[in-house]
Structures are given as structure tokens and as C-alpha cells.
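Colleague: Quick one, my_file-v8.cif (mmCIF, C-alpha atoms, pLDDT in the B column; chains and numbers go by the auth columns):
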```
data_target
loop_
_atom_site.group_PDB
_atom_site.id
_atom_site.type_symbol
_atom_site.label_atom_id
_atom_site.label_comp_id
_atom_site.label_asym_id
_atom_site.label_seq_id
_atom_site.Cartn_x
_atom_site.Cartn_y
_atom_site.Cartn_z
_atom_site.B_iso_or_equiv
_atom_site.auth_seq_id
_atom_site.auth_asym_id
ATOM 1 C CA MET A 1 110.661 133.929 93.859 46.00 1 J
ATOM 2 C CA PRO A 2 107.087 134.479 92.626 54.00 2 J
ATOM 3 C CA GLY A 3 104.319 136.083 94.625 54.00 3 J
ATOM 4 C CA GLU A 4 103.518 139.216 96.547 54.00 4 J
ATOM 5 C CA SER A 5 102.463 140.305 100.055 50.00 5 J
ATOM 6 C CA GLU A 6 104.682 137.784 101.791 67.00 6 J
ATOM 7 C CA THR A 7 103.772 136.713 105.310 88.00 7 J
ATOM 8 C CA THR A 8 104.084 133.635 107.505 91.00 8 J
ATOM 9 C CA VAL A 9 101.436 131.368 108.979 92.00 9 J
ATOM 10 C CA ARG A 10 101.249 128.199 111.030 94.00 10 J
ATOM 11 C CA LEU A 11 100.851 125.588 108.327 94.00 11 J
ATOM 12 C CA LEU A 12 98.496 123.343 110.288 95.00 12 J
ATOM 13 C CA ASP A 13 96.154 126.291 110.785 94.00 13 J
ATOM 14 C CA ALA A 14 96.160 126.990 107.050 93.00 14 J
ATOM 15 C CA GLU A 15 95.957 123.306 106.042 93.00 15 J
ATOM 16 C CA PRO A 16 94.637 121.226 108.995 93.00 16 J
ATOM 17 C CA SER A 17 94.485 117.992 106.979 92.00 17 J
ATOM 18 C CA LEU A 18 98.296 117.846 107.023 93.00 18 J
ATOM 19 C CA ALA A 19 98.064 116.894 110.690 93.00 19 J
ATOM 20 C CA ARG A 20 96.889 113.404 109.775 91.00 20 J
ATOM 21 C CA GLY A 21 99.233 110.938 111.452 89.00 21 J
ATOM 22 C CA ILE A 22 100.541 113.318 114.112 92.00 22 J
ATOM 23 C CA ALA A 23 99.866 112.025 117.611 91.00 23 J
ATOM 24 C CA ARG A 24 97.277 114.071 119.480 91.00 24 J
ATOM 25 C CA GLN A 25 99.709 114.940 122.261 93.00 25 J
ATOM 26 C CA ASP A 26 102.131 116.366 119.683 93.00 26 J
ATOM 27 C CA LEU A 27 99.660 118.520 117.779 94.00 27 J
ATOM 28 C CA ASP A 28 100.186 121.729 119.727 94.00 28 J
ATOM 29 C CA GLU A 29 103.958 121.456 119.334 94.00 29 J
ATOM 30 C CA ALA A 30 103.630 120.741 115.619 94.00 30 J
ATOM 31 C CA ARG A 31 101.287 123.671 115.151 94.00 31 J
ATOM 32 C CA GLU A 32 103.805 126.034 116.755 93.00 32 J
ATOM 33 C CA LYS A 33 106.868 124.673 114.955 93.00 33 J
ATOM 34 C CA LEU A 34 105.540 124.333 111.419 94.00 34 J
ATOM 35 C CA VAL A 35 105.612 127.934 110.229 94.00 35 J
ATOM 36 C CA VAL A 36 105.824 128.659 106.497 94.00 36 J
ATOM 37 C CA GLU A 37 105.940 131.641 104.206 94.00 37 J
ATOM 38 C CA ILE A 38 102.753 132.446 102.297 94.00 38 J
ATOM 39 C CA ARG A 39 102.648 134.145 98.907 94.00 39 J
ATOM 40 C CA ASN A 40 99.526 135.858 97.617 94.00 40 J
ATOM 41 C CA LEU A 41 99.003 135.644 93.866 95.00 41 J
ATOM 42 C CA GLU A 42 96.661 137.596 91.620 95.00 42 J
ATOM 43 C CA PRO A 43 94.676 136.212 88.648 94.00 43 J
ATOM 44 C CA GLY A 44 96.614 136.001 85.403 95.00 44 J
ATOM 45 C CA GLU A 45 100.098 134.767 84.655 95.00 45 J
ATOM 46 C CA TRP A 46 102.034 133.293 87.567 95.00 46 J
ATOM 47 C CA ALA A 47 105.185 135.278 86.911 90.00 47 J
ATOM 48 C CA GLY A 48 108.364 133.523 87.955 89.00 48 J
ATOM 49 C CA ALA A 49 106.658 130.231 88.711 91.00 49 J
ATOM 50 C CA GLY A 50 109.253 128.319 86.722 88.00 50 J
ATOM 51 C CA ASP A 51 112.277 129.964 88.335 91.00 51 J
ATOM 52 C CA LYS A 52 114.525 127.253 89.713 91.00 52 J
ATOM 53 C CA PRO A 53 115.134 127.618 93.472 91.00 53 J
ATOM 54 C CA SER A 54 118.686 127.869 94.755 88.00 54 J
ATOM 55 C CA SER A 55 118.334 124.957 97.168 88.00 55 J
ATOM 56 C CA HIS A 56 117.808 121.347 96.089 88.00 56 J
ATOM 57 C CA LEU A 57 115.813 120.929 99.329 89.00 57 J
ATOM 58 C CA PHE A 58 113.119 123.312 98.091 92.00 58 J
ATOM 59 C CA LEU A 59 110.154 120.962 97.878 92.00 59 J
ATOM 60 C CA GLY A 60 107.624 123.171 96.106 94.00 60 J
ATOM 61 C CA TYR A 61 104.490 125.231 96.544 96.00 61 J
ATOM 62 C CA LEU A 62 101.453 123.907 98.360 96.00 62 J
ATOM 63 C CA ILE A 63 98.319 125.533 96.967 96.00 63 J
ATOM 64 C CA LEU A 64 96.061 126.783 99.766 95.00 64 J
ATOM 65 C CA ASP A 65 93.508 128.849 97.838 93.00 65 J
ATOM 66 C CA GLY A 66 92.634 129.649 94.255 93.00 66 J
ATOM 67 C CA ALA A 67 92.259 127.965 90.873 94.00 67 J
ATOM 68 C CA PHE A 68 95.560 127.450 89.072 96.00 68 J
ATOM 69 C CA THR A 69 96.261 126.357 85.512 95.00 69 J
ATOM 70 C CA ARG A 70 99.209 124.680 83.851 94.00 70 J
ATOM 71 C CA GLU A 71 99.016 125.125 80.102 92.00 71 J
ATOM 72 C CA VAL A 72 101.050 123.021 77.694 89.00 72 J
ATOM 73 C CA ILE A 73 101.135 123.948 74.010 81.00 73 J
ATOM 74 C CA LEU A 74 102.021 121.229 71.531 79.00 74 J
ATOM 75 C CA SER A 75 101.953 122.044 67.823 75.00 75 J
ATOM 76 C CA SER A 76 100.021 125.270 68.581 75.00 76 J
ATOM 77 C CA LYS A 77 97.262 123.318 70.391 80.00 77 J
ATOM 78 C CA PRO A 78 96.872 124.135 74.095 83.00 78 J
ATOM 79 C CA SER A 79 96.115 121.639 76.834 90.00 79 J
ATOM 80 C CA ILE A 80 95.219 122.746 80.357 92.00 80 J
ATOM 81 C CA GLU A 81 95.587 121.066 83.718 94.00 81 J
ATOM 82 C CA LEU A 82 93.441 122.547 86.480 94.00 82 J
ATOM 83 C CA LEU A 83 94.878 122.642 90.005 94.00 83 J
ATOM 84 C CA GLY A 84 93.723 123.931 93.353 92.00 84 J
ATOM 85 C CA PRO A 85 93.906 123.692 97.138 92.00 85 J
ATOM 86 C CA GLY A 86 95.869 120.693 98.324 91.00 86 J
ATOM 87 C CA ASP A 87 98.009 120.324 95.204 94.00 87 J
ATOM 88 C CA LEU A 88 101.778 120.387 95.675 95.00 88 J
ATOM 89 C CA VAL A 89 103.481 121.783 92.586 95.00 89 J
ATOM 90 C CA ARG A 90 107.074 122.200 91.380 94.00 90 J
ATOM 91 C CA PRO A 91 106.618 124.411 88.297 92.00 91 J
ATOM 92 C CA TRP A 92 110.322 124.611 87.456 92.00 92 J
ATOM 93 C CA VAL A 93 110.645 120.839 86.898 85.00 93 J
ATOM 94 C CA LEU A 94 110.554 119.851 83.226 79.00 94 J
ATOM 95 C CA PRO A 95 111.536 116.309 82.189 78.00 95 J
ATOM 96 C CA HIS A 96 114.627 116.309 80.008 75.00 96 J
ATOM 97 C CA ALA A 97 112.857 114.450 77.197 78.00 97 J
ATOM 98 C CA LEU A 98 110.161 117.143 76.969 76.00 98 J
ATOM 99 C CA ASP A 99 112.791 119.848 77.024 73.00 99 J
ATOM 100 C CA ARG A 100 114.522 118.166 74.081 76.00 100 J
ATOM 101 C CA MET A 101 111.193 118.086 72.234 79.00 101 J
ATOM 102 C CA HIS A 102 110.674 121.829 72.870 76.00 102 J
ATOM 103 C CA VAL A 103 107.525 121.215 74.911 78.00 103 J
ATOM 104 C CA TYR A 104 107.037 123.946 77.476 80.00 104 J
ATOM 105 C CA ASP A 105 104.358 124.972 79.924 87.00 105 J
ATOM 106 C CA SER A 106 103.066 128.163 81.490 91.00 106 J
ATOM 107 C CA TRP A 107 101.351 128.691 84.818 95.00 107 J
ATOM 108 C CA GLY A 108 98.509 131.013 85.676 95.00 108 J
ATOM 109 C CA LEU A 109 95.577 131.659 87.984 96.00 109 J
ATOM 110 C CA LEU A 110 91.883 131.845 87.192 93.00 110 J
ATOM 111 C CA SER A 111 91.245 133.423 90.586 92.00 111 J
ATOM 112 C CA ALA A 112 93.309 135.003 93.343 93.00 112 J
ATOM 113 C CA GLY A 113 95.277 132.396 95.226 94.00 113 J
ATOM 114 C CA ARG A 114 97.719 131.627 98.006 95.00 114 J
ATOM 115 C CA VAL A 115 100.602 129.186 98.130 96.00 115 J
ATOM 116 C CA ALA A 116 102.674 127.969 101.054 95.00 116 J
ATOM 117 C CA VAL A 117 106.405 127.909 100.393 94.00 117 J
ATOM 118 C CA ILE A 118 107.678 124.433 101.278 94.00 118 J
ATOM 119 C CA ASP A 119 111.407 125.124 101.372 92.00 119 J
ATOM 120 C CA GLU A 120 114.552 123.840 103.084 90.00 120 J
ATOM 121 C CA ASP A 121 113.418 125.200 106.462 90.00 121 J
ATOM 122 C CA PHE A 122 110.374 122.974 106.223 91.00 122 J
ATOM 123 C CA HIS A 123 112.590 119.879 106.081 87.00 123 J
ATOM 124 C CA ARG A 124 114.144 120.828 109.396 89.00 124 J
ATOM 125 C CA GLN A 125 110.803 121.661 110.967 90.00 125 J
ATOM 126 C CA THR A 126 109.271 118.299 110.058 90.00 126 J
ATOM 127 C CA GLN A 127 112.028 116.079 111.465 89.00 127 J
ATOM 128 C CA ASP A 128 109.887 115.404 114.542 90.00 128 J
ATOM 129 C CA PHE A 129 106.708 115.032 112.452 93.00 129 J
ATOM 130 C CA PRO A 130 107.649 112.812 109.483 90.00 130 J
ATOM 131 C CA SER A 131 104.043 111.833 108.726 92.00 131 J
ATOM 132 C CA ILE A 132 103.540 115.239 107.096 93.00 132 J
ATOM 133 C CA MET A 133 105.877 114.227 104.270 92.00 133 J
ATOM 134 C CA THR A 134 103.706 111.157 103.677 93.00 134 J
ATOM 135 C CA VAL A 135 100.622 113.344 103.435 93.00 135 J
ATOM 136 C CA LEU A 136 102.382 115.606 100.930 93.00 136 J
ATOM 137 C CA ILE A 137 103.332 112.572 98.835 93.00 137 J
ATOM 138 C CA ASP A 138 99.649 111.602 98.909 93.00 138 J
ATOM 139 C CA ARG A 139 98.892 114.992 97.354 91.00 139 J
ATOM 140 C CA VAL A 140 101.330 114.327 94.520 92.00 140 J
ATOM 141 C CA VAL A 141 99.822 110.887 93.919 94.00 141 J
ATOM 142 C CA ALA A 142 96.300 112.338 93.975 91.00 142 J
ATOM 143 C CA ARG A 143 97.323 114.816 91.289 91.00 143 J
ATOM 144 C CA SER A 144 98.679 111.998 89.115 92.00 144 J
ATOM 145 C CA ARG A 145 95.379 110.118 89.551 91.00 145 J
ATOM 146 C CA TRP A 146 93.466 113.190 88.389 89.00 146 J
ATOM 147 C CA LEU A 147 95.732 113.439 85.368 90.00 147 J
ATOM 148 C CA GLY A 148 94.961 109.793 84.587 91.00 148 J
ATOM 149 C CA PHE A 149 91.256 110.569 84.820 90.00 149 J
ATOM 150 C CA HIS A 150 91.819 113.646 82.664 91.00 150 J
ATOM 151 C CA VAL A 151 93.435 111.538 79.938 91.00 151 J
ATOM 152 C CA ALA A 152 90.572 109.026 80.103 90.00 152 J
ATOM 153 C CA VAL A 153 87.965 111.786 79.818 90.00 153 J
ATOM 154 C CA CYS A 154 89.697 113.207 76.750 91.00 154 J
ATOM 155 C CA GLN A 155 89.396 109.793 75.053 89.00 155 J
ATOM 156 C CA LEU A 156 85.601 109.849 75.195 89.00 156 J
ATOM 157 C CA PRO A 157 84.193 110.407 71.691 88.00 157 J
ATOM 158 C CA ARG A 158 81.366 112.676 72.839 89.00 158 J
ATOM 159 C CA ILE A 159 82.236 116.194 73.856 93.00 159 J
ATOM 160 C CA ASP A 160 79.142 116.568 76.033 91.00 160 J
ATOM 161 C CA HIS A 161 80.291 113.535 78.038 90.00 161 J
ATOM 162 C CA ARG A 162 83.754 115.015 78.453 92.00 162 J
ATOM 163 C CA LEU A 163 82.290 118.306 79.604 93.00 163 J
ATOM 164 C CA LEU A 164 79.819 116.745 81.990 91.00 164 J
ATOM 165 C CA LEU A 165 82.431 114.622 83.751 91.00 165 J
ATOM 166 C CA THR A 166 84.810 117.583 83.919 93.00 166 J
ATOM 167 C CA PHE A 167 82.139 119.824 85.438 94.00 167 J
ATOM 168 C CA ARG A 168 81.310 117.050 87.895 91.00 168 J
ATOM 169 C CA TYR A 169 84.940 116.753 88.987 91.00 169 J
ATOM 170 C CA VAL A 170 85.388 120.517 89.320 92.00 170 J
ATOM 171 C CA ALA A 171 82.127 120.822 91.256 92.00 171 J
ATOM 172 C CA GLU A 172 83.085 117.988 93.609 88.00 172 J
ATOM 173 C CA ARG A 173 86.463 119.500 94.306 88.00 173 J
ATOM 174 C CA TRP A 174 85.885 123.249 94.326 90.00 174 J
ATOM 175 C CA GLY A 175 82.116 123.672 94.186 91.00 175 J
ATOM 176 C CA ILE A 176 80.189 125.605 96.814 93.00 176 J
ATOM 177 C CA GLU A 177 76.894 123.896 97.596 92.00 177 J
ATOM 178 C CA THR A 178 73.800 126.053 97.073 91.00 178 J
ATOM 179 C CA PRO A 179 70.076 125.215 97.010 90.00 179 J
ATOM 180 C CA ASP A 180 70.308 124.958 93.203 87.00 180 J
ATOM 181 C CA GLY A 181 73.513 122.997 92.869 92.00 181 J
ATOM 182 C CA PHE A 182 77.273 123.409 93.165 94.00 182 J
ATOM 183 C CA ARG A 183 78.562 126.855 92.235 94.00 183 J
ATOM 184 C CA ILE A 184 82.061 126.841 90.773 94.00 184 J
ATOM 185 C CA PRO A 185 83.632 130.012 92.209 89.00 185 J
ATOM 186 C CA PHE A 186 85.870 130.930 89.279 91.00 186 J
ATOM 187 C CA ARG A 187 85.456 131.583 85.575 90.00 187 J
ATOM 188 C CA LEU A 188 85.965 128.827 83.031 92.00 188 J
ATOM 189 C CA SER A 189 85.868 130.293 79.544 92.00 189 J
ATOM 190 C CA HIS A 190 84.923 128.273 76.474 93.00 190 J
ATOM 191 C CA ARG A 191 88.583 128.459 75.446 92.00 191 J
ATOM 192 C CA SER A 192 89.711 127.048 78.799 93.00 192 J
ATOM 193 C CA LEU A 193 87.130 124.284 78.651 95.00 193 J
ATOM 194 C CA SER A 194 88.202 123.425 75.114 94.00 194 J
ATOM 195 C CA ALA A 195 91.838 123.127 76.191 93.00 195 J
ATOM 196 C CA LEU A 196 90.813 121.208 79.312 94.00 196 J
ATOM 197 C CA ILE A 197 88.957 118.451 77.452 94.00 197 J
ATOM 198 C CA GLY A 198 90.902 118.436 74.176 91.00 198 J
ATOM 199 C CA ALA A 199 88.188 119.592 71.787 92.00 199 J
ATOM 200 C CA ARG A 200 87.601 122.367 69.287 91.00 200 J
ATOM 201 C CA ARG A 201 85.996 125.486 70.685 92.00 201 J
ATOM 202 C CA PRO A 202 82.930 125.626 68.364 93.00 202 J
ATOM 203 C CA LYS A 203 82.055 122.037 69.298 94.00 203 J
ATOM 204 C CA VAL A 204 82.471 122.838 72.979 95.00 204 J
ATOM 205 C CA THR A 205 80.199 125.870 72.677 95.00 205 J
ATOM 206 C CA SER A 206 77.522 123.722 71.031 95.00 206 J
ATOM 207 C CA ALA A 207 77.824 120.999 73.675 94.00 207 J
ATOM 208 C CA ILE A 208 77.630 123.557 76.488 95.00 208 J
ATOM 209 C CA GLY A 209 74.392 124.852 74.997 94.00 209 J
ATOM 210 C CA ASN A 210 72.943 121.330 74.957 92.00 210 J
ATOM 211 C CA LEU A 211 73.924 120.670 78.582 93.00 211 J
ATOM 212 C CA ALA A 212 72.443 123.993 79.640 94.00 212 J
ATOM 213 C CA ASP A 213 69.211 123.277 77.753 93.00 213 J
ATOM 214 C CA GLN A 214 68.916 119.995 79.657 90.00 214 J
ATOM 215 C CA GLY A 215 69.283 121.788 82.981 91.00 215 J
ATOM 216 C CA LEU A 216 72.630 120.201 83.875 92.00 216 J
ATOM 217 C CA ILE A 217 74.774 123.350 83.993 94.00 217 J
ATOM 218 C CA GLU A 218 74.094 127.066 84.214 94.00 218 J
ATOM 219 C CA ARG A 219 76.342 130.009 83.527 94.00 219 J
ATOM 220 C CA ALA A 220 76.045 133.241 85.480 92.00 220 J
ATOM 221 C CA GLU A 221 76.599 136.708 84.049 90.00 221 J
ATOM 222 C CA ASP A 222 80.027 136.905 85.710 89.00 222 J
ATOM 223 C CA GLY A 223 81.225 133.814 83.813 88.00 223 J
ATOM 224 C CA THR A 224 81.061 131.381 86.707 92.00 224 J
ATOM 225 C CA TRP A 225 79.130 128.115 86.484 95.00 225 J
ATOM 226 C CA THR A 226 76.702 126.128 88.581 95.00 226 J
ATOM 227 C CA PHE A 227 76.634 122.355 88.212 94.00 227 J
ATOM 228 C CA LEU A 228 72.992 121.353 88.685 92.00 228 J
ATOM 229 C CA ALA A 229 73.310 117.573 88.686 81.00 229 J
ATOM 230 C CA GLY A 230 75.536 116.932 91.679 77.00 230 J
ATOM 231 C CA ASP A 231 73.121 114.491 93.307 76.00 231 J
ATOM 232 C CA ILE A 232 72.669 112.327 90.187 72.00 232 J
ATOM 233 C CA ASP A 233 74.799 109.356 89.171 76.00 233 J
ATOM 234 C CA PRO A 234 77.003 110.728 86.356 70.00 234 J
ATOM 235 C CA MET A 235 76.823 107.420 84.490 73.00 235 J
ATOM 236 C CA ALA A 236 73.041 107.673 84.435 73.00 236 J
ATOM 237 C CA ILE A 237 73.306 111.180 83.044 66.00 237 J
ATOM 238 C CA LEU A 238 75.688 110.087 80.314 69.00 238 J
ATOM 239 C CA ALA A 239 73.367 107.296 79.289 72.00 239 J
ATOM 240 C CA SER A 240 70.437 109.709 79.009 66.00 240 J
ATOM 241 C CA ILE A 241 72.077 112.280 76.735 61.00 241 J
ATOM 242 C CA ASP A 242 70.993 112.113 73.127 59.00 242 J
ATOM 243 C CA ASP A 243 72.318 113.774 69.968 56.00 243 J
ATOM 244 C CA PRO A 244 76.009 113.017 70.336 56.00 244 J
ATOM 245 C CA ILE A 245 78.460 115.804 69.650 62.00 245 J
ATOM 246 C CA VAL A 246 81.878 114.420 68.807 60.00 246 J
ATOM 247 C CA ALA A 247 85.219 116.123 68.301 60.00 247 J
#
```
Show me the file's structure as C-alpha cells.
Modeller:
Amino acid sequence: MPGESETTVRLLDAEPSLARGIARQDLDEAREKLVVEIRNLEPGEWAGAGDKPSSHLFLGYLILDGAFTREVILSSKPSIELLGPGDLVRPWVLPHALDRMHVYDSWGLLSAGRVAVIDEDFHRQTQDFPSIMTVLIDRVVARSRWLGFHVAVCQLPRIDHRLLLTFRYVAERWGIETPDGFRIPFRLSHRSLSALIGARRPKVTSAIGNLADQGLIERAEDGTWTFLAGDIDPMAILASIDDPIVA
């Protein structure tokens, strides 16, 4: 199984939002019973992520920290899905139709991360607290909603619009609020951004320069970004951008 520096934690301490739906009088018991293995992962390739577990009751990995990527390459063109805390992933699952079409994916990390191992023991632990499974299903549905948004963003003709909405989403989800804006605490290279929004890298570089010139984003020397327009209606920003840059 992937990961290093294995340890165990009380899941509700690591992810308190999973307690939604558990009666207050049962919280202490749930906190003591729900103990899971944690795996620490370093930036780079997530080695072994796609290894199929031995038990069909192995539910997956719940991301607790870090920025994860799932990269799909189709006809030599990469596409990236960005994932993070709260996402429940099953990297070994590949629909049969995609397998037949020779479409594969790879998993990696943009920053150091941690995942909780949601295995067969977890099923036994949650028998008295079934609402946790509902919350985990919510996480899966939320990921599918993001993917729907991702597809919609990639249909926009203007690359600066795609970038701006993507930065807004990333800032809302992972950004750290500062006096200047929302700092995104991991590196997003021009290549990653190109694969994330489905555009050619030179066009993305040009659009990034335009957004930076307008004071909407700022890149630090370490490659991280600050989104400077978090308090502005994104639709108003889109309407104000001139000089369209299209794919």
C-alpha cells in the first residue's frame, strides 16, 4: 500500500466535519472508536496509488492534507484534476470502457500530504455511526460537482476567463487569507495550469501575464500564487476583462 510513516489517529480529531449527524451524546464514543491509519506522502508521484487492495471492503483514501493531482493523458495531451482535503479517492478504479480505450491516469502530489486509510476495519467501526458513510458519500458527490464545473470552465472560449475562475475556485477551497488576498499554499506551474484548463501553454502564459497586470493574481518567487480578487464578484471581473485570449 502507498505511503510512508504510518501511524493511527482518531478520525474525528483529524476530520471533525465527519461528525455531522452523530448525536451529541455519542460523540465521545465515536471519537474513541473511529481510529484509522494515516499515511504521509511526499510531493511527486504517488507511488502505488493504483494498487488494488485485497479486500473489496476497502473504501478508499480520505485526503486530510495536501494538494493532489490526477493526470489523464489522451492522445499525448494531459488533463489534470486537482484534489485536496475532504476528497475521498479510489485511485485503483478505472472504468472498463476507459481501460479498453487505453486511457490511463497517474496520481501525484504538489505538496506534502496525508491520507486516512478507510479500509474494512472502518466498516465495522461505523456500524453504530452510519451517518459518517452519508458524509463520505457527500464528499464523492462534491467531487463530481467540481468535475462538472471543471468541464464547464474548459468550454469557455477565453483562456483568461478559464484561469480566473480556476484561481477563484482554488483560492476558495485551499487559499489562506492574508491582508492582500488569498495565498494558494502550493505551486501551480504554467504546465499544470495549462493541463487544468485545457489550453496550450504559450496562451496560458500570456493570459497569466494579463491577469497579473490587472492586479488579479500575483506569483511569488517560490512559485505559489496569491488571488487578489477574492472579495469581487467573479462575473463582474469576467465582464471587465478586455483583449480576449482564446485557445
Colleague: With distances taken over all atoms listed in the file, which residue among J:Ser17, J:Gln155, J:Ser206, J:Thr226 lies nearest J:Arg168?
Modeller: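 Answer, going by the shortest atom-to-atom distance: J:Thr226.
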Colleague: Would you pick out the contacts of J:Leu62 at 7 Å or less, using all atoms listed in the file, so that residues sharing its chain but fewer than 4 positions from it are not included, and give the list as a PDB file with C-alpha atoms, keeping the file's coordinate frame?
Modeller:
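Below is the file that was written, out-v3.pdb:
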```pdb
ATOM      1  CA  GLY J  86      95.869 120.693  98.324  1.00 91.00           C
ATOM      2  CA  ASP J  87      98.009 120.324  95.204  1.00 94.00           C
ATOM      3  CA  LEU J  88     101.778 120.387  95.675  1.00 95.00           C
ATOM      4  CA  VAL J  89     103.481 121.783  92.586  1.00 95.00           C
ATOM      5  CA  VAL J 115     100.602 129.186  98.130  1.00 96.00           C
ATOM      6  CA  ALA J 116     102.674 127.969 101.054  1.00 95.00           C
ATOM      7  CA  VAL J 117     106.405 127.909 100.393  1.00 94.00           C
ATOM      8  CA  ILE J 118     107.678 124.433 101.278  1.00 94.00           C
TER       9      ILE J 118
END
```
Colleague: Would you tabulate, counting only C-alpha atoms, all residues of stretch 120-209 of chain J that have an atom at most 9 Å from an atom of stretch 33-40 of chain J, showing the closest pair of atoms and their distance in Å to one decimal, sorted by chain then ascending number, as a tab-separated table?
Modeller:
```
residue	atom	partner	partner_atom	distance
J:Asp121	CA	J:Val36	CA	8.3
J:Phe122	CA	J:Leu34	CA	7.2
J:Gln125	CA	J:Leu34	CA	5.9
J:Thr126	CA	J:Leu34	CA	7.2
```
Colleague: May I ask which of the residues J:Phe129, J:Trp46, J:Phe68, J:Phe227 is the closest one to J:Leu164, counting all atoms listed in the file?
Modeller: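 Checking each candidate against J:Leu164, we get J:Phe227 as the closest.
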Colleague: Between J:Ala67, J:Asp13, J:Ala23, J:His123, single out the one closest to J:Trp174, counting only C-alpha atoms.
Modeller: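 Residue with the minimum atom-to-atom distance to J:Trp174: J:Ala67.
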Colleague: Counting only C-alpha atoms, which residues come within 12 Å of (115.0, 127.4, 90.8), with the point read in the file's coordinates, and could you list them as a ChimeraX atom specification?
Modeller: /J:1-2,48-60,90-94,119
Colleague: Hey, what's within 10 Å of J:Arg173 if we count only C-alpha atoms and toss same-chain stuff fewer than 5 positions away? As a ChimeraX atom specification, please?
Modeller: /J:83-85,167-168,184
Colleague: Take the point (99.2, 117.6, 113.5) as written in the file and pick out every residue within 12 Å of it, counting all atoms listed in the file; give the list as an MDAnalysis selection string.
Modeller: chainID J and resid 10:34 126 128:133 135
Colleague: Store the residues picked out above in a file with C-alpha atoms, as a PDB file, in the coordinates of the input.
Modeller:
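In the end it all went to selection_24.pdb:
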```
ATOM      1  CA  ARG J  10     101.249 128.199 111.030  1.00 94.00           C
ATOM      2  CA  LEU J  11     100.851 125.588 108.327  1.00 94.00           C
ATOM      3  CA  LEU J  12      98.496 123.343 110.288  1.00 95.00           C
ATOM      4  CA  ASP J  13      96.154 126.291 110.785  1.00 94.00           C
ATOM      5  CA  ALA J  14      96.160 126.990 107.050  1.00 93.00           C
ATOM      6  CA  GLU J  15      95.957 123.306 106.042  1.00 93.00           C
ATOM      7  CA  PRO J  16      94.637 121.226 108.995  1.00 93.00           C
ATOM      8  CA  SER J  17      94.485 117.992 106.979  1.00 92.00           C
ATOM      9  CA  LEU J  18      98.296 117.846 107.023  1.00 93.00           C
ATOM     10  CA  ALA J  19      98.064 116.894 110.690  1.00 93.00           C
ATOM     11  CA  ARG J  20      96.889 113.404 109.775  1.00 91.00           C
ATOM     12  CA  GLY J  21      99.233 110.938 111.452  1.00 89.00           C
ATOM     13  CA  ILE J  22     100.541 113.318 114.112  1.00 92.00           C
ATOM     14  CA  ALA J  23      99.866 112.025 117.611  1.00 91.00           C
ATOM     15  CA  ARG J  24      97.277 114.071 119.480  1.00 91.00           C
ATOM     16  CA  GLN J  25      99.709 114.940 122.261  1.00 93.00           C
ATOM     17  CA  ASP J  26     102.131 116.366 119.683  1.00 93.00           C
ATOM     18  CA  LEU J  27      99.660 118.520 117.779  1.00 94.00           C
ATOM     19  CA  ASP J  28     100.186 121.729 119.727  1.00 94.00           C
ATOM     20  CA  GLU J  29     103.958 121.456 119.334  1.00 94.00           C
ATOM     21  CA  ALA J  30     103.630 120.741 115.619  1.00 94.00           C
ATOM     22  CA  ARG J  31     101.287 123.671 115.151  1.00 94.00           C
ATOM     23  CA  GLU J  32     103.805 126.034 116.755  1.00 93.00           C
ATOM     24  CA  LYS J  33     106.868 124.673 114.955  1.00 93.00           C
ATOM     25  CA  LEU J  34     105.540 124.333 111.419  1.00 94.00           C
ATOM     26  CA  THR J 126     109.271 118.299 110.058  1.00 90.00           C
ATOM     27  CA  ASP J 128     109.887 115.404 114.542  1.00 90.00           C
ATOM     28  CA  PHE J 129     106.708 115.032 112.452  1.00 93.00           C
ATOM     29  CA  PRO J 130     107.649 112.812 109.483  1.00 90.00           C
ATOM     30  CA  SER J 131     104.043 111.833 108.726  1.00 92.00           C
ATOM     31  CA  ILE J 132     103.540 115.239 107.096  1.00 93.00           C
ATOM     32  CA  MET J 133     105.877 114.227 104.270  1.00 92.00           C
ATOM     33  CA  VAL J 135     100.622 113.344 103.435  1.00 93.00           C
TER      34      VAL J 135
END
```
Colleague: What do you get, as a PyMOL selection string, if you spell out every residue that the PyMOL selection byres ((chain J and resi 113) around 6) selects here?
Modeller: chain J and resi 40-41+65-66+112+114
Colleague: To one decimal in Å, tell me the separation between atom CA of J:Arg201 and atom CA of J:Ile159.
Modeller: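 Interatomic distance, atom CA of J:Arg201 to atom CA of J:Ile159: 10.5 Å.
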Colleague: Using all atoms listed in the file, which protein or nucleic acid residues come within 12 Å of J:Ala152? Drop anything in the same chain fewer than 3 positions from it, and give the result as a list in words.
Modeller: Arg145, Trp146, Leu147, Gly148, Phe149, Gln155, Leu156, Pro157, His161, Arg162, Leu165, Thr166, Ile197 and Gly198 of chain J
Colleague: Grab the atom CA of J:Asp222 to atom CA of J:Tyr169 distance for me, in Å with one decimal place.
Modeller: 21.0 Å
Colleague: Please report the interatomic distance between atom CA of J:Thr69 and atom CA of J:Thr134 in Å with one decimal.
Modeller: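 Going from atom CA of J:Thr69 over to atom CA of J:Thr134 covers 24.8 Å.
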Colleague: Could you list, as an MDAnalysis selection string, every residue matched by the PyMOL selection byres ((chain J and resi 203) around 10) in this structure?
Modeller: chainID J and resid 159:160 190 194 199:202 204:209 245:247
Colleague: Mind dumping the selected residues with C-alpha atoms as an mmCIF file, keeping the file's coordinate frame?
Modeller:
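Contents of result_34.cif, freshly written:
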```
data_model
loop_
_atom_site.group_PDB
_atom_site.id
_atom_site.type_symbol
_atom_site.label_atom_id
_atom_site.label_comp_id
_atom_site.auth_asym_id
_atom_site.auth_seq_id
_atom_site.Cartn_x
_atom_site.Cartn_y
_atom_site.Cartn_z
ATOM 1 C CA ILE J 159 82.236 116.194 73.856
ATOM 2 C CA ASP J 160 79.142 116.568 76.033
ATOM 3 C CA HIS J 190 84.923 128.273 76.474
ATOM 4 C CA SER J 194 88.202 123.425 75.114
ATOM 5 C CA ALA J 199 88.188 119.592 71.787
ATOM 6 C CA ARG J 200 87.601 122.367 69.287
ATOM 7 C CA ARG J 201 85.996 125.486 70.685
ATOM 8 C CA PRO J 202 82.930 125.626 68.364
ATOM 9 C CA VAL J 204 82.471 122.838 72.979
ATOM 10 C CA THR J 205 80.199 125.870 72.677
ATOM 11 C CA SER J 206 77.522 123.722 71.031
ATOM 12 C CA ALA J 207 77.824 120.999 73.675
ATOM 13 C CA ILE J 208 77.630 123.557 76.488
ATOM 14 C CA GLY J 209 74.392 124.852 74.997
ATOM 15 C CA ILE J 245 78.460 115.804 69.650
ATOM 16 C CA VAL J 246 81.878 114.420 68.807
ATOM 17 C CA ALA J 247 85.219 116.123 68.301
#
```
